[in-house]
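Source file: my_file.txt (compact mmCIF, C-alpha atoms)
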# COMPACT_ATOMS: atom_id res chain seq x y z
CA MET A 21 93.67 78.10 128.31
CA SER A 22 95.09 81.51 127.73
CA TRP A 23 93.97 85.02 126.85
CA ASP A 24 92.79 85.74 123.30
CA ARG A 25 93.42 89.06 121.54
CA ASN A 26 90.43 90.73 123.15
CA ALA A 27 91.26 89.45 126.62
CA MET A 28 94.83 90.73 126.23
CA ALA A 29 93.47 94.12 125.20
CA ALA A 30 91.03 94.08 128.15
CA ARG A 31 93.89 93.30 130.53
CA ALA A 32 95.93 96.18 129.11
CA ALA A 33 92.91 98.48 129.50
CA LYS A 34 93.03 97.90 133.28
CA GLU A 35 96.22 99.97 133.27
CA LEU A 36 94.37 103.06 132.03
CA LYS A 37 93.81 105.75 134.62
CA ASP A 38 91.30 108.56 134.63
CA GLY A 39 92.66 111.59 132.79
CA TYR A 40 95.38 109.74 130.90
CA TYR A 41 96.46 110.78 127.41
CA VAL A 42 97.25 107.53 125.60
CA ASN A 43 98.75 106.44 122.29
CA LEU A 44 97.70 102.99 121.08
CA GLY A 45 99.76 101.07 118.53
CA ILE A 46 98.45 99.07 115.59
CA GLY A 47 96.90 95.59 116.03
CA ILE A 48 95.90 94.30 119.49
CA PRO A 49 96.72 97.67 121.13
CA THR A 50 94.02 99.32 118.98
CA LEU A 51 91.46 96.95 120.59
CA VAL A 52 92.26 98.44 124.02
CA ALA A 53 89.94 101.32 123.08
CA ASN A 54 86.99 98.87 123.23
CA HIS A 55 87.72 97.98 126.87
CA ILE A 56 88.13 101.31 128.62
CA PRO A 57 86.80 100.73 132.17
CA ASP A 58 83.64 102.51 133.33
CA GLY A 59 84.34 105.76 135.09
CA VAL A 60 87.74 106.15 133.43
CA GLU A 61 88.10 108.93 130.90
CA VAL A 62 91.10 108.75 128.62
CA THR A 63 92.04 110.80 125.56
CA LEU A 64 93.54 108.83 122.71
CA GLN A 65 96.31 110.40 120.66
CA SER A 66 96.99 109.46 117.07
CA GLU A 67 100.50 110.39 116.00
CA ASN A 68 99.38 111.52 112.55
CA GLY A 69 97.93 114.56 114.29
CA MET A 70 94.85 114.13 116.46
CA LEU A 71 93.83 114.10 120.10
CA GLY A 72 90.49 112.54 120.96
CA ILE A 73 90.04 109.62 118.55
CA GLY A 74 86.41 108.63 118.15
CA PRO A 75 85.02 105.23 117.10
CA PHE A 76 84.93 103.96 113.51
CA PRO A 77 82.48 106.14 111.54
CA PHE A 78 79.08 105.18 110.24
CA GLU A 79 79.11 104.38 106.52
CA ASP A 80 77.78 107.86 105.66
CA GLY A 81 80.34 109.53 107.92
CA ILE A 82 83.47 108.17 106.23
CA ASP A 83 86.00 110.93 105.57
CA ALA A 84 89.30 110.33 103.76
CA ASP A 85 90.81 113.28 105.66
CA LEU A 86 90.10 111.61 109.00
CA ILE A 87 92.23 108.54 109.69
CA ASN A 88 94.26 107.07 112.54
CA ALA A 89 97.95 106.17 112.44
CA GLY A 90 96.99 102.73 111.10
CA LYS A 91 95.39 104.57 108.15
CA GLN A 92 91.93 103.36 109.18
CA THR A 93 88.96 105.73 108.90
CA ILE A 94 87.85 107.06 112.29
CA SER A 95 85.50 109.72 113.67
CA GLU A 96 86.02 112.82 115.78
CA LEU A 97 84.66 113.70 119.20
CA LYS A 98 83.40 117.08 120.37
CA SER A 99 86.61 117.33 122.43
CA SER A 100 88.97 116.41 119.54
CA SER A 101 91.77 118.58 118.21
CA TYR A 102 94.02 118.38 115.15
CA PHE A 103 97.65 119.39 114.68
CA GLY A 104 100.60 118.72 112.40
CA SER A 105 103.22 115.98 112.72
CA ALA A 106 105.87 118.19 114.35
CA ASP A 107 103.43 119.22 117.11
CA SER A 108 102.25 115.65 117.47
CA PHE A 109 105.74 114.38 118.15
CA ALA A 110 106.54 117.33 120.37
CA MET A 111 103.75 115.96 122.60
CA ILE A 112 105.24 112.48 122.40
CA ARG A 113 108.93 113.34 122.71
CA GLY A 114 108.22 116.02 125.29
CA GLY A 115 106.81 113.50 127.78
CA HIS A 116 103.24 114.78 127.65
CA ILE A 117 101.69 111.41 126.78
CA ASP A 118 101.06 109.26 129.87
CA LEU A 119 101.00 105.81 128.34
CA THR A 120 101.62 103.96 125.10
CA ILE A 121 100.59 100.39 124.40
CA LEU A 122 102.33 98.74 121.49
CA GLY A 123 103.22 95.40 119.96
CA ALA A 124 106.68 93.86 119.79
CA MET A 125 108.61 91.11 118.07
CA GLU A 126 111.05 90.79 121.01
CA VAL A 127 111.45 92.23 124.50
CA ALA A 128 114.65 91.68 126.47
CA GLU A 129 114.93 91.16 130.22
CA ASN A 130 116.55 94.63 130.53
CA GLY A 131 113.54 96.32 128.89
CA ASP A 132 114.95 96.63 125.37
CA ILE A 133 112.34 96.31 122.63
CA ALA A 134 112.58 95.30 118.96
CA ASN A 135 109.54 95.80 116.75
CA TRP A 136 110.47 97.47 113.50
CA MET A 137 112.65 95.35 111.27
CA ILE A 138 113.69 91.82 110.37
CA PRO A 139 116.91 92.18 108.34
CA GLY A 140 116.55 90.85 104.81
CA LYS A 141 112.84 90.12 105.29
CA MET A 142 110.61 92.85 106.62
CA ILE A 143 111.45 96.42 105.73
CA LYS A 144 108.40 98.38 106.72
CA GLY A 145 110.17 100.84 109.00
CA MET A 146 109.75 102.09 112.55
CA GLY A 147 107.04 104.69 111.97
CA GLY A 148 106.57 106.51 115.27
CA ALA A 149 107.57 103.60 117.52
CA MET A 150 111.09 104.86 118.33
CA ASP A 151 109.75 108.29 119.28
CA LEU A 152 107.00 106.75 121.41
CA VAL A 153 109.27 104.46 123.43
CA ALA A 154 111.79 107.29 123.91
CA GLY A 155 109.29 109.92 125.00
CA VAL A 156 106.16 108.45 126.60
CA LYS A 157 106.07 108.10 130.40
CA LYS A 158 104.94 104.46 130.56
CA ILE A 159 105.42 101.74 127.94
CA ILE A 160 103.27 98.60 127.87
CA VAL A 161 103.96 95.86 125.34
CA VAL A 162 101.13 93.55 124.32
CA MET A 163 102.34 90.54 122.35
CA ASP A 164 101.94 86.79 121.90
CA HIS A 165 104.11 84.98 124.40
CA CYS A 166 105.80 82.98 121.64
CA ALA A 167 106.63 83.68 118.01
CA LYS A 168 104.93 81.76 115.19
CA ASP A 169 107.81 79.24 115.23
CA GLY A 170 107.14 78.63 118.94
CA GLY A 171 110.26 80.42 120.17
CA PRO A 172 110.05 82.77 123.17
CA LYS A 173 109.73 86.53 122.62
CA PHE A 174 110.66 87.65 126.15
CA ILE A 175 114.33 86.80 125.99
CA PRO A 176 117.73 87.59 127.61
CA GLU A 177 118.83 89.91 124.79
CA CYS A 178 117.11 91.09 121.61
CA THR A 179 118.42 89.56 118.40
CA LEU A 180 116.57 91.95 116.05
CA PRO A 181 117.43 95.64 115.48
CA LEU A 182 116.29 97.63 118.52
CA THR A 183 113.49 100.16 118.69
CA GLY A 184 114.56 101.42 122.12
CA THR A 185 116.81 100.45 125.02
CA ASN A 186 115.61 99.87 128.59
CA VAL A 187 112.17 101.38 127.99
CA VAL A 188 109.51 98.69 128.60
CA ASP A 189 107.57 98.86 131.90
CA MET A 190 105.08 96.04 131.44
CA ILE A 191 104.55 93.03 129.16
CA ILE A 192 101.13 91.49 128.62
CA THR A 193 101.08 88.22 126.67
CA ASP A 194 98.43 85.60 126.01
CA LEU A 195 99.81 83.70 129.02
CA CYS A 196 100.71 86.24 131.68
CA VAL A 197 101.73 89.73 132.80
CA PHE A 198 105.26 90.86 133.69
CA ARG A 199 105.88 94.21 135.32
CA ARG A 200 108.81 96.09 136.77
CA ILE A 201 108.62 99.00 139.19
CA ASP A 202 111.46 100.99 137.63
CA HIS A 203 114.05 100.71 134.88
CA ASP A 204 116.74 99.37 137.24
CA SER A 205 114.60 96.48 138.47
CA PRO A 206 113.98 93.07 136.87
CA PHE A 207 110.57 92.12 135.53
CA LYS A 208 108.28 90.27 137.90
CA LEU A 209 105.56 87.77 136.95
CA ILE A 210 102.46 89.34 138.52
CA GLU A 211 99.53 87.59 136.87
CA LEU A 212 98.64 84.41 134.98
CA ALA A 213 95.93 83.96 132.35
CA PRO A 214 93.18 81.49 133.33
CA GLY A 215 94.42 77.90 133.26
CA VAL A 216 98.08 78.91 132.83
CA SER A 217 100.61 77.81 135.47
CA GLU A 218 103.91 79.34 136.53
CA ASP A 219 105.53 76.27 135.01
CA ASP A 220 103.87 76.88 131.63
CA VAL A 221 105.32 80.39 131.62
CA ALA A 222 108.76 79.21 132.72
CA LYS A 223 108.90 76.65 129.90
CA LYS A 224 108.14 79.29 127.27
CA THR A 225 110.31 82.13 128.58
CA THR A 226 114.08 82.59 128.41
CA GLY A 227 114.20 86.19 129.71
CA LYS A 228 114.91 86.42 133.44
CA TYR A 229 112.08 87.44 135.75
CA SER A 230 111.23 87.13 139.42
CA LYS A 231 108.07 85.53 140.81
CA MET K 19 102.89 139.04 93.23
CA LYS K 20 100.75 136.44 91.57
CA LYS K 21 100.89 133.07 93.29
CA ILE K 22 98.08 131.24 91.58
CA TYR K 23 98.96 128.98 88.66
CA PRO K 24 96.53 127.33 86.24
CA ASP K 25 97.73 123.76 86.88
CA ALA K 26 100.42 121.63 88.50
CA ALA K 27 102.73 121.60 85.47
CA ALA K 28 102.69 125.38 85.30
CA ALA K 29 103.29 125.65 89.05
CA LEU K 30 106.41 123.48 88.81
CA ASP K 31 107.78 125.15 85.68
CA GLY K 32 111.40 126.19 86.12
CA LEU K 33 111.76 124.54 89.53
CA LEU K 34 112.72 121.00 88.58
CA PHE K 35 116.14 119.49 87.95
CA ASP K 36 117.63 116.00 88.04
CA GLY K 37 119.09 115.00 91.41
CA MET K 38 117.04 117.51 93.37
CA HIS K 39 115.85 117.11 96.95
CA LEU K 40 112.16 117.31 97.80
CA CYS K 41 109.93 117.30 100.86
CA VAL K 42 106.51 115.83 100.11
CA GLY K 43 103.65 116.09 102.63
CA GLY K 44 101.03 113.51 103.54
CA PHE K 45 100.56 110.51 105.80
CA GLY K 46 99.85 107.32 103.91
CA LEU K 47 97.52 108.52 101.16
CA CYS K 48 95.94 111.15 103.44
CA GLY K 49 96.77 114.71 102.45
CA ILE K 50 99.22 113.88 99.66
CA PRO K 51 99.82 116.47 96.93
CA GLU K 52 98.63 114.15 94.20
CA ARG K 53 98.38 116.67 91.36
CA LEU K 54 101.94 117.84 91.97
CA ILE K 55 103.21 114.26 92.20
CA ASP K 56 101.54 113.49 88.87
CA ALA K 57 103.20 116.57 87.36
CA LEU K 58 106.60 115.42 88.65
CA GLN K 59 106.02 112.13 86.90
CA ASP K 60 104.99 113.83 83.66
CA ALA K 61 108.03 116.12 83.81
CA GLY K 62 110.27 113.02 83.91
CA VAL K 63 112.72 114.57 86.36
CA ASN K 64 115.12 111.90 87.68
CA GLY K 65 117.45 110.93 90.52
CA LEU K 66 115.16 112.45 93.16
CA THR K 67 115.84 112.35 96.89
CA ILE K 68 112.47 112.59 98.64
CA ALA K 69 111.75 113.12 102.32
CA SER K 70 108.23 111.85 102.91
CA ASN K 71 106.79 109.90 105.82
CA ASN K 72 105.65 107.12 103.48
CA ALA K 73 106.31 106.18 99.89
CA GLY K 74 102.73 105.83 98.72
CA ILE K 75 101.36 102.42 97.85
CA ASP K 76 101.70 100.54 94.57
CA ASN K 77 100.92 103.06 91.86
CA GLU K 78 99.33 105.62 94.23
CA GLY K 79 101.02 108.76 95.49
CA LEU K 80 104.81 108.53 95.46
CA GLY K 81 104.40 104.89 94.42
CA LYS K 82 103.93 106.31 90.89
CA LEU K 83 107.39 107.91 90.92
CA LEU K 84 108.92 104.68 92.21
CA ARG K 85 107.31 102.75 89.39
CA SER K 86 108.70 105.19 86.83
CA ARG K 87 112.15 104.90 88.50
CA GLN K 88 112.49 108.62 89.14
CA VAL K 89 113.48 108.21 92.79
CA LYS K 90 117.08 107.65 93.87
CA LYS K 91 116.57 107.87 97.61
CA MET K 92 113.70 107.97 100.10
CA ILE K 93 113.90 109.40 103.63
CA SER K 94 110.87 107.83 105.34
CA SER K 95 109.63 106.31 108.59
CA TYR K 96 107.27 103.68 107.23
CA VAL K 97 107.08 102.10 103.80
CA GLY K 98 104.79 99.08 104.22
CA GLU K 99 101.99 98.25 101.80
CA ASN K 100 104.21 98.91 98.78
CA LYS K 101 105.52 95.91 96.83
CA GLU K 102 107.39 97.89 94.19
CA PHE K 103 109.21 99.78 96.93
CA GLU K 104 110.18 96.51 98.58
CA ARG K 105 111.41 95.05 95.31
CA GLN K 106 113.54 98.08 94.42
CA PHE K 107 114.94 98.32 97.95
CA LEU K 108 115.86 94.63 98.23
CA SER K 109 117.47 94.66 94.77
CA GLY K 110 119.52 97.74 95.69
CA GLU K 111 117.97 100.02 93.04
CA LEU K 112 116.54 102.33 95.67
CA GLU K 113 118.38 103.88 98.58
CA VAL K 114 116.40 104.29 101.82
CA GLU K 115 117.16 106.25 104.95
CA PHE K 116 114.79 105.09 107.68
CA CYS K 117 114.06 108.00 109.95
CA PRO K 118 111.80 107.81 113.03
CA GLN K 119 108.55 109.63 112.31
CA GLY K 120 108.94 112.27 115.00
CA THR K 121 112.56 112.82 114.10
CA LEU K 122 111.55 113.29 110.45
CA ALA K 123 108.88 115.83 111.40
CA GLU K 124 111.31 117.71 113.63
CA ARG K 125 114.11 117.59 111.03
CA CYS K 126 111.74 119.39 108.65
CA ARG K 127 110.45 121.81 111.29
CA ALA K 128 114.03 122.59 112.36
CA GLY K 129 115.37 122.87 108.80
CA GLY K 130 112.59 125.28 107.94
CA ALA K 131 113.24 127.31 111.09
CA GLY K 132 116.95 127.80 110.38
CA ILE K 133 118.09 125.17 112.88
CA PRO K 134 120.69 122.89 111.25
CA GLY K 135 120.61 120.19 113.92
CA PHE K 136 119.08 119.18 117.25
CA TYR K 137 119.49 116.51 119.91
CA THR K 138 116.84 113.89 120.57
CA LYS K 139 116.43 110.78 122.72
CA THR K 140 114.64 109.03 119.87
CA GLY K 141 116.78 106.22 118.44
CA VAL K 142 119.50 106.24 121.11
CA GLY K 143 121.14 102.80 121.21
CA THR K 144 119.55 101.70 117.91
CA GLN K 145 120.68 101.51 114.27
CA VAL K 146 119.36 105.04 113.83
CA ALA K 147 122.13 106.34 116.12
CA GLU K 148 124.95 104.79 114.07
CA GLY K 149 127.47 107.41 112.96
CA LYS K 150 125.71 110.20 114.87
CA GLU K 151 127.13 112.31 117.68
CA VAL K 152 125.90 111.28 121.14
CA ARG K 153 125.79 113.90 123.85
CA GLN K 154 124.67 113.78 127.47
CA PHE K 155 122.25 116.32 128.92
CA ASP K 156 121.16 115.89 132.56
CA ASP K 157 122.62 112.37 132.63
CA GLU K 158 120.69 111.16 129.61
CA ASP K 159 122.02 110.33 126.14
CA TYR K 160 120.77 112.19 123.08
CA ILE K 161 121.76 111.90 119.41
CA LEU K 162 122.38 114.72 116.98
CA GLU K 163 119.95 114.81 114.06
CA ARG K 164 120.25 117.17 111.10
CA GLY K 165 117.60 119.58 109.89
CA ILE K 166 116.21 119.01 106.41
CA TYR K 167 116.13 121.86 103.90
CA ALA K 168 115.04 120.76 100.44
CA ASP K 169 115.13 122.36 97.01
CA LEU K 170 111.36 122.09 96.76
CA CYS K 171 108.45 121.30 99.10
CA LEU K 172 105.16 119.97 97.79
CA ILE K 173 102.11 120.07 100.03
CA LYS K 174 98.35 119.62 99.97
CA GLY K 175 96.00 121.95 101.84
CA TRP K 176 92.25 122.35 102.05
CA LYS K 177 91.59 126.04 101.41
CA ALA K 178 93.84 128.97 100.62
CA ASP K 179 93.16 132.60 99.94
CA LYS K 180 94.69 134.38 96.95
CA ALA K 181 97.50 135.70 99.15
CA GLY K 182 98.54 132.09 99.93
CA ASN K 183 97.27 131.86 103.53
CA LEU K 184 96.31 128.25 103.93
CA ILE K 185 94.29 125.95 106.15
CA PHE K 186 94.38 122.20 106.37
CA ARG K 187 91.53 119.82 107.11
CA LYS K 188 91.44 117.27 109.95
CA THR K 189 94.26 114.68 109.89
CA ALA K 190 95.25 115.68 106.35
CA ARG K 191 97.43 118.36 108.00
CA ASN K 192 100.08 115.83 109.19
CA PHE K 193 103.48 116.37 107.51
CA ASN K 194 102.16 119.09 105.22
CA ALA K 195 102.55 121.59 108.06
CA PRO K 196 106.27 121.15 108.85
CA MET K 197 107.26 120.28 105.28
CA ALA K 198 105.80 123.47 103.85
CA THR K 199 108.56 125.35 105.65
CA ALA K 200 111.46 123.00 104.97
CA GLY K 201 112.88 124.21 101.70
CA LYS K 202 113.73 126.99 99.28
CA ILE K 203 110.28 127.07 97.75
CA CYS K 204 106.93 125.52 98.59
CA VAL K 205 104.26 124.76 96.03
CA ALA K 206 100.82 124.00 97.46
CA GLU K 207 97.73 122.43 95.96
CA VAL K 208 94.36 123.00 97.61
CA GLU K 209 90.73 122.07 97.08
CA GLU K 210 89.47 125.63 97.00
CA ILE K 211 90.98 129.09 96.52
CA VAL K 212 88.97 131.91 98.11
CA GLU K 213 89.15 135.69 98.03
CA ILE K 214 91.41 137.56 100.41
CA GLY K 215 89.38 138.30 103.55
CA GLU K 216 87.33 135.12 103.45
CA LEU K 217 89.61 133.21 105.83
CA ASP K 218 89.79 134.25 109.48
CA PRO K 219 93.36 135.53 110.06
CA ASP K 220 93.26 133.93 113.50
CA ALA K 221 92.54 130.50 112.02
CA ILE K 222 95.32 130.32 109.41
CA HIS K 223 97.42 127.14 109.78
CA LEU K 224 100.12 128.12 107.29
CA PRO K 225 100.87 131.82 106.77
CA SER K 226 101.25 133.00 103.17
CA ILE K 227 105.01 133.57 103.45
CA TYR K 228 105.59 129.83 103.01
CA VAL K 229 103.31 129.36 100.00
CA LYS K 230 105.06 130.66 96.88
CA ARG K 231 102.94 128.96 94.25
CA LEU K 232 99.42 127.69 94.50
CA ILE K 233 96.99 125.65 92.43
CA ASN K 234 93.41 124.52 92.82
CA GLY K 235 93.69 120.75 92.25
CA SER K 236 89.96 119.96 92.46
CA PRO K 237 88.12 117.74 91.98
CA TYR K 238 89.73 115.19 94.30
CA ASP K 239 88.87 111.54 94.51
CA LYS K 240 90.58 110.90 97.85
CA LYS K 241 91.82 107.38 98.39
CA ILE K 242 91.27 105.47 101.64
CA GLU K 243 93.70 102.71 102.62
CA PHE K 244 91.61 100.97 105.28
CA ARG K 245 87.92 101.67 105.18
CA MET K 246 86.49 100.94 108.64
CA THR K 247 82.89 101.53 109.71
CA ARG K 248 80.46 100.60 112.45
CA GLU K 249 76.75 99.85 112.19
CA ARG K 250 74.18 102.16 113.73
CA GLY K 251 73.19 100.62 117.05
CA ASP K 252 76.70 99.26 117.70
CA ALA K 253 78.23 100.31 120.96
CA ALA K 254 81.01 102.81 120.35
Represent the structure contained in this file as structure tokens.
Amino acid sequence: MSWDRNAMAARAAKELKDGYYVNLGIGIPTLVANHIPDGVEVTLQSENGMLGIGPFPFEDGIDADLINAGKQTISELKSSSYFGSADSFAMIRGGHIDLTILGAMEVAENGDIANWMIPGKMIKGMGGAMDLVAGVKKIIVVMDHCAKDGGPKFIPECTLPLTGTNVVDMIITDLCVFRRIDHDSPFKLIELAPGVSEDDVAKKTTGKYSK
Amino acid sequence: MKKIYPDAAAALDGLLFDGMHLCVGGFGLCGIPERLIDALQDAGVNGLTIASNNAGIDNEGLGKLLRSRQVKKMISSYVGENKEFERQFLSGELEVEFCPQGTLAERCRAGGAGIPGFYTKTGVGTQVAEGKEVRQFDDEDYILERGIYADLCLIKGWKADKAGNLIFRKTARNFNAPMATAGKICVAEVEEIVEIGELDPDAIHLPSIYVKRLINGSPYDKKIEFRMTRERGDAA
């Protein structure tokens, strides 16, 4: 057993606190919006220039001028606001966003993250990821525990080009949760998915962590 | 001074030359100056260096200029969903400077505000920092990034008045706002041009000083990259 995509998103959503301004990355992080706990009000930021992302629109409410950073159509809320890209990243770089949840290809035991490039293969670019990990107060990575080839993704040192150095605070995988209290401390295994043992995690992890 | 031109070709007349640098607004296909991009293609101007967050998709937006091989170099943060881009980049035909999205926005904002460079935490310790000055402020490392000031800025707005005061609509504002300022001359296309006095001066997003030439590019058939909906009755 392990967590599926939705369960991983639900676990990440437990980290949301009332009043938070949050930026969600593309993929599983986007699903976190479906699991916001009752009684917790968060405002979602989209780096293309919006605070207060609403749900996907009804068919008759689709608007090409209203998209999220994943270029999906969305809707606005009564509390929403719009701004340009320079203002958007001033919010991000300036430390005004409380939390970002994003995907990764690799995370190192020292909190380095790689998620934007595979030399010679994938050349999509970093988008806003480097700005987010440099500027947001808390960084949570949600990713599969192992790569498609079965190799670990939480590793001693990143092998791919970095997105940021010593920035990750928490890692949520399909198997478990690692957290560290500050950027000088090692990650600690704090939670296991149902049916997953400490041994299962140890076998699939090469990055150092405490129990 | 008359700012309104009959069409995109007329608005670009006399401004284009081979090897020029441009800033082009938009995020994905949202808020791209599509009439002006088409006119660039028709004009056949070559060897372009273009700062734009994305490079369009295959045969849409700046993807058209890639297909016609008019682009020498792109300065962008994200170029996925574009096979022709990938092919030209991997074969070495196209030069690419990957620039973090916020750094790109700030490079344009700074360039347009007369600030030739600034320090940022973004990209410290990554490939982006290679060859750039690193300086410590309050015990943290920052890298020096240069402002961008282009020969020509092309943007898309929603409404403008005849003086050139302009407003954007929803998330189509994106890079159009900083890029309008980041060059010698900005040409804007909008969906509607109204009389002076019809726009609330307190609600102007881009003051007229930045908009030197203006066209009404309507009608627009705006493209959507990922069309997502929910059914009525679904929980939000």
Next on the checklist: Which residues are close to Ile203 in chain K, i.e. within 9 Å by only C-alpha atoms, leaving aside same-chain residues fewer than 5 positions away? Reply as number ranges by chain.
Outcome noted: K: 33, 168-172, 198, 228-231
With C-alpha atoms kept, could you save the residues just selected as a short mmCIF file (atom, residue, chain, number, x, y, z; two decimals), in the coordinates of the input?
data_model
loop_
_atom_site.label_atom_id
_atom_site.label_comp_id
_atom_site.auth_asym_id
_atom_site.auth_seq_id
_atom_site.Cartn_x
_atom_site.Cartn_y
_atom_site.Cartn_z
CA LEU K 33 111.76 124.54 89.53
CA ALA K 168 115.04 120.76 100.44
CA ASP K 169 115.13 122.36 97.01
CA LEU K 170 111.36 122.09 96.76
CA CYS K 171 108.45 121.30 99.10
CA LEU K 172 105.16 119.97 97.79
CA ALA K 198 105.80 123.47 103.85
CA TYR K 228 105.59 129.83 103.01
CA VAL K 229 103.31 129.36 100.00
CA LYS K 230 105.06 130.66 96.88
CA ARG K 231 102.94 128.96 94.25
#
For range 101-179 of chain A versus range 43-49 of chain A, which residues have an atom no more than 6 Å away, and what is each residue's nearest atom pair and distance in Å rounded to one decimal, using all atoms listed in the file, chain-then-number order, as a tab-separated table?
residue	atom	partner	partner_atom	distance
A:Thr120	CA	A:Asn43	CA	4.7
A:Ile121	CA	A:Leu44	CA	5.1
A:Leu122	CA	A:Gly45	CA	4.6
Item to check | Residues within 12 Å of range 236-238 of chain K, only C-alpha atoms, excluding chain neighbours under 4 positions, as a PyMOL selection string | outcome: (chain A and resi 84-85) or (chain K and resi 24-26+48-53+174-177+207-211)
How about saving the chosen residues, C-alpha atoms kept, as an mmCIF file, keeping the file's coordinate frame?
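Dumped everything to part-v2.cif:
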data_model
loop_
_atom_site.group_PDB
_atom_site.id
_atom_site.type_symbol
_atom_site.label_atom_id
_atom_site.label_comp_id
_atom_site.auth_asym_id
_atom_site.auth_seq_id
_atom_site.Cartn_x
_atom_site.Cartn_y
_atom_site.Cartn_z
ATOM 1 C CA ALA A 84 89.300 110.330 103.760
ATOM 2 C CA ASP A 85 90.810 113.280 105.660
ATOM 3 C CA PRO K 24 96.530 127.330 86.240
ATOM 4 C CA ASP K 25 97.730 123.760 86.880
ATOM 5 C CA ALA K 26 100.420 121.630 88.500
ATOM 6 C CA CYS K 48 95.940 111.150 103.440
ATOM 7 C CA GLY K 49 96.770 114.710 102.450
ATOM 8 C CA ILE K 50 99.220 113.880 99.660
ATOM 9 C CA PRO K 51 99.820 116.470 96.930
ATOM 10 C CA GLU K 52 98.630 114.150 94.200
ATOM 11 C CA ARG K 53 98.380 116.670 91.360
ATOM 12 C CA LYS K 174 98.350 119.620 99.970
ATOM 13 C CA GLY K 175 96.000 121.950 101.840
ATOM 14 C CA TRP K 176 92.250 122.350 102.050
ATOM 15 C CA LYS K 177 91.590 126.040 101.410
ATOM 16 C CA GLU K 207 97.730 122.430 95.960
ATOM 17 C CA VAL K 208 94.360 123.000 97.610
ATOM 18 C CA GLU K 209 90.730 122.070 97.080
ATOM 19 C CA GLU K 210 89.470 125.630 97.000
ATOM 20 C CA ILE K 211 90.980 129.090 96.520
#
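The coordinates place CA of Ile112 in chain A at 16.7 Å from CA of Ala128 in chain K.
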Can I get the residues of chain K within 7 Å of chain A, each with the closest pair of atoms and their distance in Å to one decimal, using only C-alpha atoms, sorted chain first then ascending number, as a tab-separated table?
residue	atom	partner	partner_atom	distance
K:Phe45	CA	A:Asn68	CA	6.9
K:Gly46	CA	A:Lys91	CA	6.7
K:Cys48	CA	A:Asp85	CA	6.0
K:Gly49	CA	A:Asp85	CA	6.9
K:Ser95	CA	A:Gly147	CA	4.6
K:Tyr96	CA	A:Gly145	CA	4.4
K:Val97	CA	A:Lys144	CA	4.9
K:Gly98	CA	A:Lys144	CA	4.4
K:Phe116	CA	A:Gly145	CA	6.4
K:Pro118	CA	A:Gly147	CA	5.8
K:Gln119	CA	A:Gly148	CA	4.7
K:Gly120	CA	A:Phe109	CA	5.0
K:Ala123	CA	A:Ala106	CA	4.8
K:Glu124	CA	A:Ala106	CA	5.5
K:Arg127	CA	A:Ala106	CA	6.6
K:Lys139	CA	A:Ala154	CA	5.9
K:Thr140	CA	A:Asp151	CA	5.0
K:Gly141	CA	A:Met150	CA	5.9
K:Val142	CA	A:Gly184	CA	7.0
K:Gly143	CA	A:Thr185	CA	6.2
K:Thr144	CA	A:Leu182	CA	5.3
K:Gln145	CA	A:Pro181	CA	6.8
K:Arg187	CA	A:Asp85	CA	6.7
K:Lys188	CA	A:Asp85	CA	5.9
K:Thr189	CA	A:Leu86	CA	5.2
K:Ala190	CA	A:Asp85	CA	5.1
K:Arg191	CA	A:Gly104	CA	5.4
K:Asn192	CA	A:Gly104	CA	4.4
K:Phe193	CA	A:Ser105	CA	5.2
K:Ala195	CA	A:Gly104	CA	5.6
K:Pro196	CA	A:Ala106	CA	6.3
K:Lys240	CA	A:Ala84	CA	6.1
K:Lys241	CA	A:Ala84	CA	6.6
K:Ile242	CA	A:Ala84	CA	5.7
K:Glu243	CA	A:Lys91	CA	6.1
K:Phe244	CA	A:Gln92	CA	4.6
K:Arg245	CA	A:Thr93	CA	5.6
K:Met246	CA	A:Thr93	CA	5.4
K:Thr247	CA	A:Phe76	CA	5.0
K:Arg248	CA	A:Phe78	CA	5.3
K:Glu249	CA	A:Phe78	CA	6.1
K:Arg250	CA	A:Phe78	CA	6.7
K:Ala254	CA	A:Pro75	CA	5.7
Item to check | Distance in Å - CA of Gly59 in chain A versus CA of Asp38 in chain A | outcome: 7.5 Å
Next on the checklist: Which residues are close to Met190 in chain A, i.e. within 7 Å by all atoms listed in the file, leaving aside same-chain residues fewer than 5 positions away? Reply as a list in words.
Outcome noted: Ile159, Ile160, Val161, Phe198, Arg199 and Arg200 of chain A
Checklist outcome for this item: Restricting to all atoms listed in the file, whichever of A:Gly72, A:Gly215, A:Pro206, A:Gly114 is closest to Val156 in chain A is A:Gly114
Enclose range 99-112 of chain K, meaning all of its atoms listed in the file, in a box aligned along x, y and z, pad it by 8 Å on each side, and list the centre and edge lengths in Å to one decimal, as AutoDock Vina command-line options.
--center_x 110.8 --center_y 98.5 --center_z 97.4 --size_x 33.5 --size_y 23.7 --size_z 24.8
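CA of Lys173 in chain A sits 8.4 Å away from CA of Ala124 in chain A.
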Next on the checklist: Here's a test: counting all atoms listed in the file, identify every protein, DNA and RNA residue with an atom at most 6 Å from (93.2, 132.5, 106.0) in the file's coordinate frame, and state them as a PyMOL selection string.
Outcome noted: chain K and resi 183-184+217-219+222
Residue subset to file, keeping C-alpha atoms, as a PDB file, in the coordinates of the input:
ATOM      1  CA  ASN K 183      97.270 131.860 103.530  1.00  0.00           C
ATOM      2  CA  LEU K 184      96.310 128.250 103.930  1.00  0.00           C
ATOM      3  CA  LEU K 217      89.610 133.210 105.830  1.00  0.00           C
ATOM      4  CA  ASP K 218      89.790 134.250 109.480  1.00  0.00           C
ATOM      5  CA  PRO K 219      93.360 135.530 110.060  1.00  0.00           C
ATOM      6  CA  ILE K 222      95.320 130.320 109.410  1.00  0.00           C
TER       7      ILE K 222
END
